[in-house]
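> Just protein-v7.tsv, nothing more (TSV, C-alpha atoms):
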chain	number	residue	atom	x	y	z
V	5	MET	CA	-78.48	3.88	-235.25
V	6	LYS	CA	-74.76	3.97	-234.57
V	7	ASN	CA	-72.55	1.16	-235.74
V	8	LYS	CA	-71.25	-1.00	-232.93
V	9	THR	CA	-67.54	-1.44	-232.44
V	10	PHE	CA	-65.90	-4.84	-232.54
V	11	GLU	CA	-65.66	-4.80	-228.75
V	12	GLU	CA	-69.36	-3.97	-228.42
V	13	LYS	CA	-70.22	-6.83	-230.79
V	14	LEU	CA	-68.06	-9.18	-228.76
V	15	GLU	CA	-69.78	-8.13	-225.52
V	16	HIS	CA	-73.20	-8.50	-227.17
V	17	SER	CA	-72.24	-12.01	-228.29
V	18	LYS	CA	-71.43	-12.91	-224.68
V	19	VAL	CA	-74.85	-11.65	-223.57
V	20	LEU	CA	-76.55	-13.69	-226.30
V	21	LEU	CA	-74.63	-16.79	-225.26
V	22	GLU	CA	-75.66	-16.34	-221.64
V	23	LYS	CA	-79.30	-16.06	-222.72
V	24	LEU	CA	-79.00	-19.17	-224.89
V	25	MET	CA	-77.63	-21.14	-221.95
V	26	ASN	CA	-80.76	-20.43	-219.90
V	27	PRO	CA	-82.60	-23.77	-219.60
V	28	GLU	CA	-85.96	-21.97	-219.42
V	29	ILE	CA	-85.64	-20.31	-222.83
V	30	THR	CA	-88.17	-21.34	-225.46
V	31	LEU	CA	-87.26	-22.91	-228.77
V	32	GLU	CA	-88.49	-19.83	-230.62
V	33	GLU	CA	-86.37	-17.54	-228.46
V	34	SER	CA	-83.37	-19.82	-228.97
V	35	VAL	CA	-83.71	-19.67	-232.75
V	36	LYS	CA	-84.11	-15.89	-232.68
V	37	LEU	CA	-81.03	-15.45	-230.48
V	38	TYR	CA	-79.06	-17.90	-232.62
V	39	GLU	CA	-79.88	-15.92	-235.77
V	40	GLU	CA	-78.95	-12.68	-234.04
V	41	GLY	CA	-75.70	-14.22	-232.85
V	42	LEU	CA	-74.76	-15.39	-236.33
V	43	LYS	CA	-75.40	-11.93	-237.75
V	44	ASN	CA	-73.35	-10.42	-234.94
V	45	ILE	CA	-70.45	-12.77	-235.66
V	46	LYS	CA	-70.63	-12.02	-239.38
V	47	ASP	CA	-70.54	-8.29	-238.67
V	48	ALA	CA	-67.57	-8.73	-236.31
V	49	GLN	CA	-65.71	-10.78	-238.93
V	50	LYS	CA	-66.32	-8.00	-241.44
V	51	LEU	CA	-64.78	-5.48	-239.02
V	52	ILE	CA	-61.73	-7.74	-238.62
V	53	GLU	CA	-61.33	-8.01	-242.40
V	54	GLU	CA	-61.61	-4.22	-242.75
V	55	ALA	CA	-58.94	-3.77	-240.10
V	56	LYS	CA	-56.65	-6.27	-241.86
V	57	THR	CA	-57.09	-4.38	-245.13
V	58	LYS	CA	-56.26	-1.05	-243.47
V	59	ILE	CA	-53.15	-2.53	-241.86
V	60	THR	CA	-52.02	-3.96	-245.20
V	61	VAL	CA	-52.42	-0.55	-246.87
V	62	ILE	CA	-50.52	1.17	-244.06
V	63	ASP	CA	-47.72	-1.41	-244.27
V	64	GLN	CA	-47.47	-0.97	-248.04
V	65	GLU	CA	-47.36	2.82	-247.71
V	66	ASN	CA	-44.69	2.53	-245.02
V	67	GLN	CA	-42.65	0.18	-247.19
V	68	THR	CA	-42.85	2.64	-250.09
V	69	ILE	CA	-41.66	5.47	-247.83
V	70	GLN	CA	-38.76	3.36	-246.57
V	71	GLU	CA	-37.75	2.45	-250.13
V	72	ASP	CA	-37.77	6.11	-251.19
V	73	LYS	CA	-35.24	7.07	-248.49
Just give me the structure of the file as structure tokens.


Amino acid sequence: MKNKTFEEKLEHSKVLLEKLMNPEITLEESVKLYEEGLKNIKDAQKLIEEAKTKITVIDQENQTIQEDK
């Protein structure tokens, strides 16, 4: 199974929210969707943290290059 991008996770979260807002949804379905949503958010936060780390590394490498000039 391919890993979803941040944007795909965000879109999936919107779909889950729409489903949760349905007044005809059962309690069991609500709990299941809530759990899925929390996992989705956690995964998205992990992607953000990974991106921040990559940007920090790139900035540090760029700073080193600038200092060597």

> Grab the atom CA of Ile45 of chain V to atom CA of Leu14 of chain V distance for me, in Å with one decimal place.

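Distance between the two atoms: 8.1 Å.
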
> Taking into account only C-alpha atoms, which residue in the set V:Leu21, V:Pro27, V:Glu71, V:Ala55 is nearest to Glu39 of chain V?

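Nearest candidate to Glu39 of chain V out of V:Leu21, V:Pro27, V:Glu71, V:Ala55: V:Leu21.
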
> Tell me which protein, DNA and RNA residues are within 10 Å of Glu33 of chain V, counting all atoms listed in the file, leaving out same-chain ones fewer than 4 positions away, and put them as a PyMOL selection string.

chain V and resi 23-24+29+37-39

> I'd like the interatomic distance between atom CA of Lys50 of chain V and atom CA of Glu11 of chain V, to a tenth of an Å.

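Here the two named atoms are 13.1 Å from each other.
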
> Could you work out how far atom CA of Thr57 of chain V lies from atom CA of Asp72 of chain V, giving the answer in Å with one decimal?

22.8 Å

> Under the rule that all atoms listed in the file are counted, which of V:Lys18, V:Lys58, V:Lys8, V:Lys13 is the nearest residue to Asn44 of chain V?

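Smallest distance to Asn44 of chain V is found for V:Lys13.
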
> Find the residue from V:Glu22, V:Glu15, V:Glu65, V:Gln70 that sits nearest to Ser34 of chain V; use only C-alpha atoms when measuring.

V:Glu22

> Please return the centre and edge lengths, in Å to one decimal, of a box with edges along x, y and z that contains all listed atoms of segment 48-58 of chain V, widened by 3 Å on every side, as AutoDock Vina command-line options.


--center_x -61.9 --center_y -5.9 --center_z -240.7 --size_x 17.3 --size_y 15.7 --size_z 14.8

> What lies within 12 Å of Lys46 of chain V using all atoms listed in the file, ignoring chain neighbours under 5 positions off, as a PyMOL selection string?

chain V and resi 10+13-14+17+39-41+51-53

> Produce a file of the selected residues containing C-alpha atoms, as a PDB file, in the frame of the given file.


ATOM      1  CA  PHE V  10     -65.900  -4.840-232.540  1.00  0.00           C
ATOM      2  CA  LYS V  13     -70.220  -6.830-230.790  1.00  0.00           C
ATOM      3  CA  LEU V  14     -68.060  -9.180-228.760  1.00  0.00           C
ATOM      4  CA  SER V  17     -72.240 -12.010-228.290  1.00  0.00           C
ATOM      5  CA  GLU V  39     -79.880 -15.920-235.770  1.00  0.00           C
ATOM      6  CA  GLU V  40     -78.950 -12.680-234.040  1.00  0.00           C
ATOM      7  CA  GLY V  41     -75.700 -14.220-232.850  1.00  0.00           C
ATOM      8  CA  LEU V  51     -64.780  -5.480-239.020  1.00  0.00           C
ATOM      9  CA  ILE V  52     -61.730  -7.740-238.620  1.00  0.00           C
ATOM     10  CA  GLU V  53     -61.330  -8.010-242.400  1.00  0.00           C
TER      11      GLU V  53
END
